[in-house]
$ cat target27.cif   # mmCIF, C-alpha atoms
data_entry
loop_
_atom_site.label_atom_id
_atom_site.label_comp_id
_atom_site.auth_asym_id
_atom_site.auth_seq_id
_atom_site.Cartn_x
_atom_site.Cartn_y
_atom_site.Cartn_z
CA MET A 3 22.59 171.62 88.48
CA ASN A 4 24.82 169.00 90.06
CA GLN A 5 27.96 168.32 88.11
CA PHE A 6 28.49 164.93 89.81
CA LYS A 7 26.41 161.96 90.82
CA LYS A 8 26.92 159.08 93.21
CA GLY A 9 29.69 156.80 92.06
CA ASP A 10 31.55 159.40 90.00
CA THR A 11 35.31 159.50 90.46
CA VAL A 12 36.57 162.94 91.42
CA LYS A 13 39.84 164.59 92.26
CA VAL A 14 40.09 167.30 94.89
CA LYS A 15 41.65 170.49 93.61
CA ILE A 16 44.80 171.80 95.16
CA GLY A 17 44.67 175.35 96.37
CA SER A 18 45.46 177.82 99.10
CA PRO A 19 43.20 180.76 98.43
CA PRO A 20 44.04 183.74 100.64
CA GLY A 21 40.82 183.64 102.62
CA HIS A 22 38.72 181.14 104.52
CA PHE A 23 38.04 177.76 102.94
CA ARG A 24 36.88 174.38 104.19
CA THR A 25 38.83 171.88 102.08
CA PRO A 26 41.48 170.39 104.36
CA LEU A 27 45.01 170.33 103.01
CA TYR A 28 45.35 166.59 103.64
CA ILE A 29 42.69 165.72 101.07
CA GLN A 30 43.73 168.12 98.36
CA GLY A 31 44.91 166.40 95.21
CA LYS A 32 43.42 163.08 96.27
CA VAL A 33 41.07 160.96 94.20
CA GLY A 34 37.82 159.61 95.60
CA VAL A 35 34.28 158.67 94.73
CA ILE A 36 31.03 160.59 95.25
CA ASP A 37 29.23 158.82 98.09
CA SER A 38 26.24 161.12 98.34
CA ILE A 39 24.89 164.52 97.48
CA CYS A 40 24.24 166.54 100.61
CA GLY A 41 22.36 169.34 98.93
CA THR A 42 23.12 172.85 97.80
CA PHE A 43 24.54 175.41 100.18
CA LYS A 44 25.83 178.94 100.30
CA ASN A 45 29.56 179.23 99.80
CA PRO A 46 31.34 179.58 103.16
CA GLU A 47 34.26 181.32 101.47
CA SER A 48 31.94 184.26 100.82
CA LEU A 49 29.86 184.01 104.01
CA ALA A 50 33.03 184.22 106.06
CA TYR A 51 33.46 187.82 104.93
CA ASP A 52 29.81 188.75 105.30
CA GLY A 53 29.21 188.05 101.63
CA ASP A 54 25.97 186.68 100.26
CA GLY A 55 27.35 183.17 99.77
CA LEU A 56 26.43 183.13 96.10
CA PRO A 57 26.66 181.29 93.86
CA VAL A 58 25.43 178.38 95.97
CA GLN A 59 27.41 175.19 95.62
CA PRO A 60 26.35 171.56 95.60
CA LEU A 61 27.98 169.76 98.51
CA TYR A 62 29.12 166.15 98.18
CA THR A 63 30.23 163.54 100.65
CA VAL A 64 33.28 162.08 98.93
CA LEU A 65 34.68 158.68 99.87
CA PHE A 66 38.41 158.01 99.79
CA ARG A 67 40.48 154.94 100.52
CA GLN A 68 42.70 155.76 103.48
CA ALA A 69 45.56 154.01 101.70
CA ASP A 70 45.21 156.59 98.91
CA VAL A 71 45.28 159.50 101.33
CA TRP A 72 48.14 158.60 103.64
CA GLU A 73 51.53 157.15 102.87
CA ASN A 74 52.06 154.06 105.04
CA TYR A 75 48.51 154.05 106.34
CA GLN A 76 48.45 151.85 109.44
CA GLY A 77 45.20 150.01 109.31
CA ASN A 78 42.97 147.81 107.24
CA LEU A 79 43.54 148.55 103.55
CA GLY A 80 39.76 148.68 103.19
CA ASP A 81 39.48 151.61 105.61
CA LYS A 82 37.88 154.76 104.26
CA ILE A 83 37.58 158.43 104.98
CA LEU A 84 34.58 160.54 103.99
CA ILE A 85 34.73 164.29 103.68
CA ASP A 86 32.11 166.85 102.70
CA ILE A 87 33.45 168.88 99.80
CA TYR A 88 31.89 171.70 97.78
CA GLN A 89 31.56 171.20 94.04
CA HIS A 90 33.91 174.00 93.09
CA TRP A 91 36.73 172.08 94.77
CA LEU A 92 36.22 168.96 92.66
CA ASN A 93 37.24 167.94 89.18
CA SER A 94 36.09 164.90 87.36
CA ALA A 95 38.75 162.17 87.36
CA ASP A 96 39.08 159.07 85.30
CA ARG A 97 40.59 156.10 87.10
CA GLY A 98 41.06 154.55 83.67
CA MET B 10 46.60 189.68 107.76
CA ASN B 11 48.17 191.46 110.74
CA GLU B 12 48.27 189.68 114.03
CA GLN B 13 45.24 190.73 115.99
CA GLU B 14 45.85 192.68 119.15
CA ILE B 15 44.72 189.83 121.33
CA PRO B 16 47.02 189.59 124.32
CA HIS B 17 47.98 186.06 125.15
CA ASP B 18 50.22 186.64 128.08
CA HIS B 19 48.51 184.90 130.95
CA ALA B 20 51.39 185.45 133.36
CA GLY B 21 50.11 184.76 136.83
CA VAL B 22 46.50 184.39 135.75
CA GLU B 23 44.85 180.98 135.77
CA ILE B 24 43.52 180.04 132.40
CA ASP B 25 39.87 179.01 132.26
CA SER B 26 38.92 180.58 135.56
CA GLU B 27 36.09 183.05 136.04
CA ALA B 28 38.73 185.55 137.08
CA GLY B 29 40.78 185.07 133.96
CA TYR B 30 41.53 187.63 131.31
CA TYR B 31 39.23 186.17 128.69
CA ALA B 32 36.45 185.59 131.16
CA ALA B 33 36.54 189.28 131.99
CA ARG B 34 36.87 190.21 128.32
CA SER B 35 33.80 188.21 127.36
CA ARG B 36 31.81 189.76 130.21
CA ALA B 37 32.88 193.21 129.09
CA ILE B 38 31.75 192.55 125.52
CA GLU B 39 28.44 191.10 126.68
CA SER B 40 27.69 194.04 128.95
CA LEU B 41 28.52 196.50 126.19
CA LEU B 42 26.25 194.66 123.78
CA VAL B 43 23.48 194.89 126.37
CA ASP B 44 24.13 198.57 127.08
CA LYS B 45 23.95 199.35 123.39
CA GLY B 46 20.64 197.54 123.09
CA ILE B 47 21.99 194.93 120.68
CA ILE B 48 21.11 192.02 122.95
CA THR B 49 19.49 191.60 126.33
CA ALA B 50 20.79 189.63 129.30
CA LEU B 51 17.53 187.70 129.23
CA GLU B 52 18.18 186.57 125.68
CA VAL B 53 21.60 185.32 126.73
CA ASP B 54 20.15 183.56 129.80
CA ARG B 55 17.56 181.87 127.61
CA GLU B 56 20.20 180.70 125.17
CA VAL B 57 22.37 179.36 128.00
CA ASN B 58 19.39 177.32 129.16
CA ILE B 59 18.75 175.99 125.68
CA LEU B 60 22.37 174.94 125.26
CA ASP B 61 22.44 173.44 128.76
CA SER B 62 19.28 171.47 128.11
CA LYS B 63 20.82 169.48 125.32
CA SER B 64 22.67 166.37 126.35
CA PRO B 65 23.50 162.94 124.95
CA ALA B 66 20.31 161.61 126.58
CA ASP B 67 18.23 162.54 123.54
CA GLY B 68 20.69 160.90 121.19
CA ALA B 69 20.62 157.78 123.36
CA LYS B 70 16.82 157.57 123.18
CA ILE B 71 16.97 157.87 119.42
CA VAL B 72 19.55 155.11 119.17
CA ALA B 73 17.48 152.82 121.41
CA ARG B 74 14.45 153.41 119.26
CA ALA B 75 16.45 152.70 116.11
CA TRP B 76 17.61 149.41 117.61
CA LEU B 77 14.02 148.38 118.27
CA ASP B 78 12.26 149.76 115.22
CA ASN B 79 13.66 148.93 111.77
CA THR B 80 11.36 151.30 109.92
CA PHE B 81 12.45 154.19 112.09
CA ARG B 82 16.07 153.13 111.76
CA SER B 83 15.88 153.09 107.94
CA LYS B 84 14.19 156.48 107.90
CA LEU B 85 16.80 157.87 110.27
CA LEU B 86 19.58 156.76 107.95
CA THR B 87 18.03 158.29 104.84
CA ASP B 88 16.39 161.44 106.22
CA ALA B 89 17.27 162.09 109.83
CA SER B 90 15.42 165.41 110.19
CA GLN B 91 12.22 163.93 108.84
CA ALA B 92 12.49 160.79 110.95
CA LEU B 93 13.01 162.87 114.06
CA ALA B 94 10.21 165.28 113.22
CA GLU B 95 7.86 162.30 113.03
CA ILE B 96 8.65 161.39 116.63
CA GLY B 97 8.42 164.93 117.90
CA TYR B 98 11.98 166.23 117.73
CA ASP B 99 11.97 169.68 116.27
CA LEU B 100 15.31 170.28 114.59
CA PRO B 101 15.62 173.72 113.00
CA ASP B 102 15.07 173.73 109.25
CA ARG B 103 18.33 175.39 108.46
CA THR B 104 21.96 174.39 108.28
CA PRO B 105 23.65 172.56 109.70
CA TYR B 106 21.76 169.40 108.86
CA LEU B 107 21.94 166.16 110.77
CA LYS B 108 22.92 162.91 109.14
CA VAL B 109 22.90 159.60 110.97
CA VAL B 110 25.13 156.63 110.14
CA GLU B 111 25.22 153.21 111.73
CA ASN B 112 27.94 150.86 112.86
CA THR B 113 27.54 147.25 111.77
CA GLU B 114 29.47 144.00 111.73
CA GLU B 115 31.24 145.22 108.61
CA VAL B 116 31.63 148.96 109.10
CA HIS B 117 32.61 151.22 111.98
CA TYR B 118 32.16 154.98 111.69
CA VAL B 119 33.98 157.61 113.75
CA VAL B 120 33.31 161.34 113.51
CA VAL B 121 35.66 164.32 113.72
CA CYS B 122 35.88 167.93 112.63
CA THR B 123 39.54 168.43 111.78
CA LEU B 124 39.10 172.13 111.01
CA CYS B 125 37.28 173.22 114.16
CA SER B 126 34.70 171.42 116.31
CA CYS B 127 31.56 170.78 114.27
CA TYR B 128 29.36 168.44 116.25
CA PRO B 129 25.64 167.59 116.32
CA ARG B 130 25.01 170.01 119.18
CA MET B 131 21.34 170.26 118.35
CA LEU B 132 21.01 166.67 119.45
CA LEU B 133 23.91 165.79 121.74
CA GLY B 134 24.73 169.10 123.40
CA ARG B 135 28.26 170.44 123.69
CA PRO B 136 31.15 168.32 122.45
CA PRO B 137 33.71 166.97 124.95
CA ASP B 138 37.03 168.76 125.31
CA TRP B 139 38.94 165.92 123.69
CA TYR B 140 36.82 166.12 120.54
CA LYS B 141 37.95 169.73 120.10
CA SER B 142 41.58 168.97 120.93
CA LEU B 143 44.38 169.40 118.45
CA SER B 144 45.52 165.82 119.01
CA TYR B 145 42.16 164.19 118.30
CA ARG B 146 41.71 166.28 115.19
CA SER B 147 45.20 165.43 113.95
CA ARG B 148 45.28 161.77 114.83
CA VAL B 149 41.88 160.24 114.21
CA VAL B 150 41.94 160.82 110.47
CA VAL B 151 45.34 159.25 109.94
CA ASP B 152 45.21 156.49 112.57
CA PRO B 153 41.62 155.98 113.71
CA ARG B 154 42.22 152.48 115.05
CA SER B 155 44.86 153.67 117.53
CA VAL B 156 42.70 156.53 118.70
CA ILE B 157 39.67 154.28 119.11
CA GLY B 158 41.93 151.82 120.91
CA GLU B 159 42.82 154.52 123.43
CA PHE B 160 39.13 154.79 124.22
CA GLY B 161 39.12 151.08 124.97
CA LEU B 162 37.63 149.68 121.79
CA ASN B 163 39.80 147.26 119.85
CA LEU B 164 38.35 146.80 116.42
CA SER B 165 38.85 143.64 114.44
CA PRO B 166 41.12 144.06 111.44
CA ASP B 167 38.27 142.64 109.34
CA ILE B 168 36.00 145.55 110.06
CA GLU B 169 36.14 148.58 107.79
CA VAL B 170 36.77 151.82 109.69
CA ARG B 171 35.26 154.92 108.12
CA VAL B 172 36.26 158.33 109.39
CA LEU B 173 33.76 161.11 108.78
CA ASP B 174 35.33 164.58 108.70
CA SER B 175 32.48 167.06 109.05
CA THR B 176 33.99 169.93 107.12
CA ALA B 177 30.82 171.60 105.91
CA ASP B 178 27.09 171.89 106.54
CA MET B 179 26.39 168.36 107.73
CA ARG B 180 26.65 167.08 111.30
CA TYR B 181 27.00 163.39 112.00
CA MET B 182 25.75 161.07 114.69
CA VAL B 183 26.59 157.38 114.88
CA ILE B 184 24.22 154.58 115.84
CA PRO B 185 26.53 152.22 117.72
CA ARG B 186 26.03 148.49 117.44
CA ARG B 187 23.45 147.02 119.74
CA PRO B 188 25.33 145.06 122.42
CA GLU B 189 24.87 141.32 122.87
CA GLY B 190 22.53 140.13 125.60
CA THR B 191 20.01 142.93 125.23
CA ASP B 192 17.20 141.04 123.53
CA ASN B 193 14.46 141.64 126.04
CA MET B 194 15.42 145.08 127.21
CA THR B 195 13.03 147.99 127.24
CA GLU B 196 13.76 151.07 125.17
CA GLU B 197 14.62 152.94 128.36
CA LEU B 198 17.16 150.36 129.48
CA LEU B 199 18.67 150.18 126.02
CA ALA B 200 19.06 153.96 126.00
CA SER B 201 21.02 153.74 129.25
CA LEU B 202 23.66 151.67 127.45
CA VAL B 203 24.25 154.32 124.80
CA THR B 204 27.09 156.65 125.70
CA ARG B 205 27.99 159.96 124.12
CA ASP B 206 31.31 158.52 123.01
CA SER B 207 29.60 155.64 121.24
CA MET B 208 27.54 158.15 119.25
CA ILE B 209 30.77 159.82 118.13
CA GLY B 210 32.19 156.43 117.27
CA VAL B 211 35.24 156.28 119.51
CA SER B 212 33.77 153.53 121.64
CA ALA B 213 31.01 150.96 121.74
CA ALA B 214 27.73 151.10 123.62
CA VAL B 215 27.95 149.57 127.06
CA SER B 216 27.47 145.84 127.28
CA PRO B 217 25.02 144.70 129.97
CA ALA B 218 27.55 142.08 131.02
CA SER B 219 29.98 144.75 132.20
CA MET C 20 45.89 182.92 106.21
CA ASN C 21 47.87 180.42 108.20
CA ARG C 22 46.41 176.95 108.40
CA VAL C 23 47.11 176.20 112.05
CA HIS C 24 43.47 175.16 112.44
CA ASP C 25 43.75 172.61 109.61
CA ARG C 26 44.81 169.73 111.82
CA GLY C 27 44.08 166.59 109.86
CA GLY C 28 47.19 164.45 109.70
CA ILE C 29 49.52 166.91 111.43
CA PRO C 30 52.12 164.69 113.11
CA ASP C 31 51.10 164.21 116.71
CA ASP C 32 51.87 161.32 119.02
CA THR C 33 50.11 162.77 122.06
CA PRO C 34 47.66 160.39 123.71
CA ILE C 35 44.14 161.76 123.73
CA ASP C 36 43.57 163.67 126.97
CA MET C 37 40.16 162.51 128.09
CA ASN C 38 39.88 164.83 131.07
CA GLU C 39 36.91 167.11 130.74
CA HIS C 40 36.72 170.42 132.49
CA GLU C 41 33.44 171.58 133.92
CA ILE C 42 32.23 174.33 131.63
CA MET C 43 32.49 177.68 133.38
CA ASP C 44 29.80 180.29 133.52
CA TRP C 45 31.67 182.73 131.35
CA GLU C 46 32.16 180.01 128.74
CA ARG C 47 28.45 179.21 128.70
CA ARG C 48 27.74 182.87 128.26
CA VAL C 49 30.17 183.54 125.43
CA ASP C 50 28.72 180.51 123.62
CA ALA C 51 25.26 181.96 124.17
CA VAL C 52 26.22 185.48 123.09
CA HIS C 53 27.48 184.06 119.81
CA ALA C 54 24.18 182.23 119.33
CA VAL C 55 22.06 185.27 120.18
CA LEU C 56 24.02 187.45 117.78
CA GLY C 57 23.64 184.72 115.19
CA ASP C 58 19.87 184.68 115.60
CA LYS C 59 19.88 188.42 115.00
CA GLY C 60 21.91 188.08 111.83
CA LEU C 61 24.85 189.90 113.39
CA ARG C 62 27.22 186.99 113.36
CA GLY C 63 27.63 183.94 111.15
CA THR C 64 29.33 180.61 111.80
CA ASP C 65 31.64 181.09 108.83
CA GLN C 66 32.57 184.59 110.00
CA MET C 67 33.41 183.23 113.41
CA ARG C 68 35.54 180.46 111.96
CA ARG C 69 37.36 182.96 109.80
CA ALA C 70 37.97 185.18 112.82
CA ILE C 71 39.38 182.26 114.80
CA GLU C 72 41.54 181.25 111.85
CA SER C 73 42.97 184.77 111.72
CA LEU C 74 44.64 184.28 115.09
CA SER C 75 48.34 183.68 114.90
CA GLU C 76 49.62 180.14 115.26
CA ASP C 77 50.93 180.93 118.75
CA GLN C 78 47.67 182.47 119.86
CA TYR C 79 45.62 179.61 118.44
CA LYS C 80 47.68 177.00 120.25
CA ALA C 81 47.93 178.89 123.53
CA MET C 82 44.26 179.73 123.87
CA SER C 83 41.56 177.43 125.11
CA TYR C 84 38.48 176.75 123.00
CA TYR C 85 36.29 179.43 124.55
CA GLU C 86 39.14 181.88 124.75
CA ARG C 87 39.30 181.61 120.96
CA TRP C 88 35.54 182.17 120.83
CA THR C 89 35.99 185.28 122.94
CA ALA C 90 38.75 186.54 120.68
CA ALA C 91 36.55 185.88 117.64
CA LEU C 92 33.65 187.71 119.24
CA GLU C 93 35.88 190.71 119.85
CA ILE C 94 37.19 190.66 116.29
CA LEU C 95 33.68 190.52 114.85
CA VAL C 96 31.99 193.16 116.98
CA ILE C 97 34.83 195.59 116.32
CA GLU C 98 34.84 194.76 112.60
CA LYS C 99 31.12 195.40 112.40
CA GLY C 100 31.51 198.74 114.17
CA ILE C 101 29.25 197.69 117.03
CA ILE C 102 31.84 198.20 119.76
CA THR C 103 35.31 199.72 119.77
CA LYS C 104 38.38 198.17 121.30
CA SER C 105 38.79 201.05 123.71
CA GLU C 106 35.23 200.59 124.93
CA ILE C 107 36.05 196.99 125.72
CA ASP C 108 39.31 197.96 127.42
CA ASP C 109 37.49 200.58 129.50
CA ARG C 110 34.72 198.19 130.49
CA MET C 111 37.30 195.61 131.54
CA ARG C 112 38.82 198.07 133.95
CA GLU C 113 35.52 198.01 135.78
CA ASP C 114 35.74 194.21 136.12
CA PRO C 115 39.39 193.75 136.91
CA VAL C 116 41.16 190.41 136.67
CA GLU C 117 41.98 189.38 140.22
#
$ encode --input "target27.cif" --output "structure tokens"
Amino acid sequence: MNQFKKGDTVKVKIGSPPGHFRTPLYIQGKVGVIDSICGTFKNPESLAYDGDGLPVQPLYTVLFRQADVWENYQGNLGDKILIDIYQHWLNSADRG
Amino acid sequence: MNEQEIPHDHAGVEIDSEAGYYAARSRAIESLLVDKGIITALEVDREVNILDSKSPADGAKIVARAWLDNTFRSKLLTDASQALAEIGYDLPDRTPYLKVVENTEEVHYVVVCTLCSCYPRMLLGRPPDWYKSLSYRSRVVVDPRSVIGEFGLNLSPDIEVRVLDSTADMRYMVIPRRPEGTDNMTEELLASLVTRDSMIGVSAAVSPAS
Amino acid sequence: MNRVHDRGGIPDDTPIDMNEHEIMDWERRVDAVHAVLGDKGLRGTDQMRRAIESLSEDQYKAMSYYERWTAALEILVIEKGIITKSEIDDRMREDPVE
């Protein structure tokens, strides 16, 4: 069951688990919007150690404003960055 | 984790040559795998041929078709695997999955894999060295316009640049904008204008005027 | 694990080097060996990434792309008990670096 749907505001968790993970440091803690749902996939953090990859995780393409990601972003303030992030790395966020 | 016992002292040995340390190491591992019956040399040969057979030419044909056929283009943007299956491209039904995006008057996409080198190999073949470089991976997310500028494409400040960081199970290919002055071109000619770099998003397709 | 591979936004002013080297035979083959092992369920993409990420920062930066693939291959086949390091060392002696 997908926790998020397109348009939801989410915040990327901050974390440095000891093993392999695919959430880049630069996007951790940042707030973005669900752009699309890619599907459900085995967890690479488990697969990396020959695990079974369970539980599977929904994968989302999350859209961020570059100006929210980088201090002093040099570009059009409308520029965006999209990153594929697994559900267990996302929390719901309320822009308010 | 302890540092692996992987020697990195190349003193006197040319990196990247067939005679190099790692070249020999990889050959040793392959021959041992063959001797132990885990793999065969034929299997490796076959795989080399498969990897070698993939090039940006297929991507270019797909882009040309998308430029000419709106129905195909729409399908490609919503379900790339299905759209390609319908025209005879057999992408494996397992991860990673291909997703296609398109550059327009308003939006310009550029693709990277900051963590390693994820790339739509199943369609475009092997990625270029620069795509895998530390500098591309560092720079294109934080200053895409400068990086794209180094490839010779100066984007208008009005256009929205979207960086796609393929961190997971999706692989991305960009449909570059169709150049001006190509109205009566055949699909084959159009395909010849589509470069690998334009399908990554660091440059535009070639203009027939140039 | 160090995050040397996590490059996004790491300060870097270097112009993009657009030179492309012709892929060498051994590089084609190590790429293919990974794929063949993958087809047989003996190697996974995530395992390989993890193996590459386990290299030290110095190693990661000093090694070329396919050298890292070779290192990862070695790590995985030893880890899985398919080949031992001394077998690889011995076999290398039969194909000496010139």
$ resolve_selection --input "target27.cif" --expression "the PyMOL selection byres ((chain C) within 12 of (chain A))" --output "JSON list (two decimals) with C-alpha atoms, keeping the file's coordinate frame"
[["chain", "number", "residue", "atom", "x", "y", "z"],
["C", 20, "MET", "CA", 45.89, 182.92, 106.21],
["C", 21, "ASN", "CA", 47.87, 180.42, 108.20],
["C", 22, "ARG", "CA", 46.41, 176.95, 108.40],
["C", 23, "VAL", "CA", 47.11, 176.20, 112.05],
["C", 24, "HIS", "CA", 43.47, 175.16, 112.44],
["C", 25, "ASP", "CA", 43.75, 172.61, 109.61],
["C", 26, "ARG", "CA", 44.81, 169.73, 111.82],
["C", 27, "GLY", "CA", 44.08, 166.59, 109.86],
["C", 28, "GLY", "CA", 47.19, 164.45, 109.70],
["C", 29, "ILE", "CA", 49.52, 166.91, 111.43],
["C", 30, "PRO", "CA", 52.12, 164.69, 113.11],
["C", 60, "GLY", "CA", 21.91, 188.08, 111.83],
["C", 61, "LEU", "CA", 24.85, 189.90, 113.39],
["C", 62, "ARG", "CA", 27.22, 186.99, 113.36],
["C", 63, "GLY", "CA", 27.63, 183.94, 111.15],
["C", 64, "THR", "CA", 29.33, 180.61, 111.80],
["C", 65, "ASP", "CA", 31.64, 181.09, 108.83],
["C", 66, "GLN", "CA", 32.57, 184.59, 110.00],
["C", 67, "MET", "CA", 33.41, 183.23, 113.41],
["C", 68, "ARG", "CA", 35.54, 180.46, 111.96],
["C", 69, "ARG", "CA", 37.36, 182.96, 109.80],
["C", 70, "ALA", "CA", 37.97, 185.18, 112.82],
["C", 71, "ILE", "CA", 39.38, 182.26, 114.80],
["C", 72, "GLU", "CA", 41.54, 181.25, 111.85],
["C", 73, "SER", "CA", 42.97, 184.77, 111.72],
["C", 95, "LEU", "CA", 33.68, 190.52, 114.85],
["C", 98, "GLU", "CA", 34.84, 194.76, 112.60],
["C", 99, "LYS", "CA", 31.12, 195.40, 112.40]]
$ residues_near_point --input "target27.cif" --point "(44.0, 166.5, 128.2)" --cutoff "9 Å" --atoms "only C-alpha atoms" --output "PyMOL selection string"
(chain B and resi 138-139+142) or (chain C and resi 34-39)
$ resolve_selection --input "target27.cif" --expression "the PyMOL selection byres ((chain B and resi 130-133) around 8)" --output "PyMOL selection string"
chain B and resi 63-68+100+128-129+134-136+205
$ closest_atom_pairs --input "target27.cif" --of "chain A" --to "chain B" --cutoff "8 Å" --atoms "only C-alpha atoms" --output "tab-separated table"
residue	atom	partner	partner_atom	distance
A:Arg24	CA	B:Thr176	CA	6.1
A:Thr25	CA	B:Thr176	CA	7.3
A:Pro26	CA	B:Leu124	CA	7.3
A:Cys40	CA	B:Met179	CA	7.7
A:Phe43	CA	B:Asp178	CA	7.7
A:Gln68	CA	B:Val151	CA	7.8
A:Trp72	CA	B:Val151	CA	6.9
A:Tyr75	CA	B:Val151	CA	7.1
A:Gln76	CA	B:Asp152	CA	6.5
A:Gly77	CA	B:Arg154	CA	6.9
A:Asn78	CA	B:Pro166	CA	5.9
A:Gly80	CA	B:Glu169	CA	5.9
A:Asp81	CA	B:Val170	CA	4.9
A:Lys82	CA	B:Arg171	CA	4.7
A:Ile83	CA	B:Val172	CA	4.6
A:Leu84	CA	B:Leu173	CA	4.9
A:Ile85	CA	B:Asp174	CA	5.1
A:Asp86	CA	B:Thr176	CA	5.7
A:Ile87	CA	B:Ala177	CA	7.2
$ write_last_selection --input "target27.cif" --atoms "C-alpha atoms" --output "mmCIF file, in the frame of the given file"
data_model
loop_
_atom_site.group_PDB
_atom_site.id
_atom_site.type_symbol
_atom_site.label_atom_id
_atom_site.label_comp_id
_atom_site.auth_asym_id
_atom_site.auth_seq_id
_atom_site.Cartn_x
_atom_site.Cartn_y
_atom_site.Cartn_z
ATOM 1 C CA ARG A 24 36.880 174.380 104.190
ATOM 2 C CA THR A 25 38.830 171.880 102.080
ATOM 3 C CA PRO A 26 41.480 170.390 104.360
ATOM 4 C CA CYS A 40 24.240 166.540 100.610
ATOM 5 C CA PHE A 43 24.540 175.410 100.180
ATOM 6 C CA GLN A 68 42.700 155.760 103.480
ATOM 7 C CA TRP A 72 48.140 158.600 103.640
ATOM 8 C CA TYR A 75 48.510 154.050 106.340
ATOM 9 C CA GLN A 76 48.450 151.850 109.440
ATOM 10 C CA GLY A 77 45.200 150.010 109.310
ATOM 11 C CA ASN A 78 42.970 147.810 107.240
ATOM 12 C CA GLY A 80 39.760 148.680 103.190
ATOM 13 C CA ASP A 81 39.480 151.610 105.610
ATOM 14 C CA LYS A 82 37.880 154.760 104.260
ATOM 15 C CA ILE A 83 37.580 158.430 104.980
ATOM 16 C CA LEU A 84 34.580 160.540 103.990
ATOM 17 C CA ILE A 85 34.730 164.290 103.680
ATOM 18 C CA ASP A 86 32.110 166.850 102.700
ATOM 19 C CA ILE A 87 33.450 168.880 99.800
#
$ resolve_selection --input "target27.cif" --expression "the PyMOL selection byres ((chain C and resi 54) around 10)" --output "list of chain:residue names"
B:Glu52, B:Val53, B:Glu56, B:Val57, B:Leu60, C:Arg48, C:Val49, C:Asp50, C:Ala51, C:Val52, C:His53, C:Val55, C:Leu56, C:Gly57, C:Asp58, C:Lys59, C:Gly60, C:Leu61, C:Arg62, C:Gly63, C:Thr64
$ atom_distance --input "target27.cif" --atom1 "atom CA of B:Val215" --atom2 "atom CA of B:Leu202"
4.8 Å
$ atom_distance --input "target27.cif" --atom1 "atom CA of C:Asp114" --atom2 "atom CA of B:Ala33"
6.5 Å
$ closest_residue --input "target27.cif" --among "B:Phe81, B:Tyr98, B:Tyr31, B:Trp76" --to "chain C" --atoms "all atoms listed in the file"
B:Tyr31
$ closest_residue --input "target27.cif" --among "B:Ser147, B:Ser83, B:Thr195, B:Thr204" --to "chain C" --atoms "only C-alpha atoms"
B:Ser147
$ atom_distance --input "target27.cif" --atom1 "atom CA of A:Gln30" --atom2 "atom CA of A:Asp96"
16.6 Å
$ closest_residue --input "target27.cif" --among "B:Leu93, B:Val121, B:Val211, B:Ile38" --to "chain C" --atoms "only C-alpha atoms"
B:Ile38
$ axis_aligned_box --input "target27.cif" --around "stretch 48-54 of chain C" --padding-each-side "6 Å" --output "JSON"
{"center_x": 27.2, "center_y": 183.0, "center_z": 123.8, "size_x": 18.0, "size_y": 17.0, "size_z": 20.9}
$ closest_residue --input "target27.cif" --among "B:Pro185, B:Gly210, B:Gly158, B:Pro217" --to "chain C" --atoms "all atoms listed in the file"
B:Gly158
$ residues_around --input "target27.cif" --residues "C:Ile102" --least-positions-apart "5" --cutoff "10 Å" --atoms "only C-alpha atoms" --output "list in words"
Ile38, Leu41, Leu42 and Lys45 of chain B; Glu93, Ile94, Leu95, Val96, Ile97 and Ile107 of chain C
$ write_last_selection --input "target27.cif" --atoms "C-alpha atoms" --output "CSV table (one decimal), in the frame of the given file"
chain,number,residue,atom,x,y,z
B,38,ILE,CA,31.8,192.6,125.5
B,41,LEU,CA,28.5,196.5,126.2
B,42,LEU,CA,26.2,194.7,123.8
B,45,LYS,CA,24.0,199.4,123.4
C,93,GLU,CA,35.9,190.7,119.8
C,94,ILE,CA,37.2,190.7,116.3
C,95,LEU,CA,33.7,190.5,114.8
C,96,VAL,CA,32.0,193.2,117.0
C,97,ILE,CA,34.8,195.6,116.3
C,107,ILE,CA,36.0,197.0,125.7
$ closest_residue --input "target27.cif" --among "B:Ser126, B:Ser90, B:Asn79, B:Asn112" --to "chain C" --atoms "all atoms listed in the file"
B:Ser126
$ closest_residue --input "target27.cif" --among "B:Thr80, B:Asn163, B:Arg186, B:Ile48" --to "B:Glu95" --atoms "all atoms listed in the file"
B:Thr80
$ build_atoms --input "target27.cif" --residues "stretch 76-81 of chain C" --atoms "N, CA and C atoms" --output "PDB file, in the coordinates of the input"
ATOM      1  N   GLU C  76      49.426 181.530 114.856  1.00  0.00           N
ATOM      2  CA  GLU C  76      49.620 180.140 115.260  1.00  0.00           C
ATOM      3  C   GLU C  76      49.848 180.040 116.771  1.00  0.00           C
ATOM      4  N   ASP C  77      50.664 180.944 117.303  1.00  0.00           N
ATOM      5  CA  ASP C  77      50.930 180.930 118.750  1.00  0.00           C
ATOM      6  C   ASP C  77      49.672 181.158 119.559  1.00  0.00           C
ATOM      7  N   GLN C  78      48.909 182.160 119.138  1.00  0.00           N
ATOM      8  CA  GLN C  78      47.670 182.470 119.860  1.00  0.00           C
ATOM      9  C   GLN C  78      46.735 181.260 119.822  1.00  0.00           C
ATOM     10  N   TYR C  79      46.546 180.725 118.621  1.00  0.00           N
ATOM     11  CA  TYR C  79      45.620 179.610 118.440  1.00  0.00           C
ATOM     12  C   TYR C  79      45.974 178.449 119.375  1.00  0.00           C
ATOM     13  N   LYS C  80      47.256 178.142 119.441  1.00  0.00           N
ATOM     14  CA  LYS C  80      47.680 177.000 120.250  1.00  0.00           C
ATOM     15  C   LYS C  80      47.646 177.302 121.747  1.00  0.00           C
ATOM     16  N   ALA C  81      47.875 178.552 122.108  1.00  0.00           N
ATOM     17  CA  ALA C  81      47.930 178.890 123.530  1.00  0.00           C
ATOM     18  C   ALA C  81      46.554 179.055 124.148  1.00  0.00           C
TER      19      ALA C  81
END
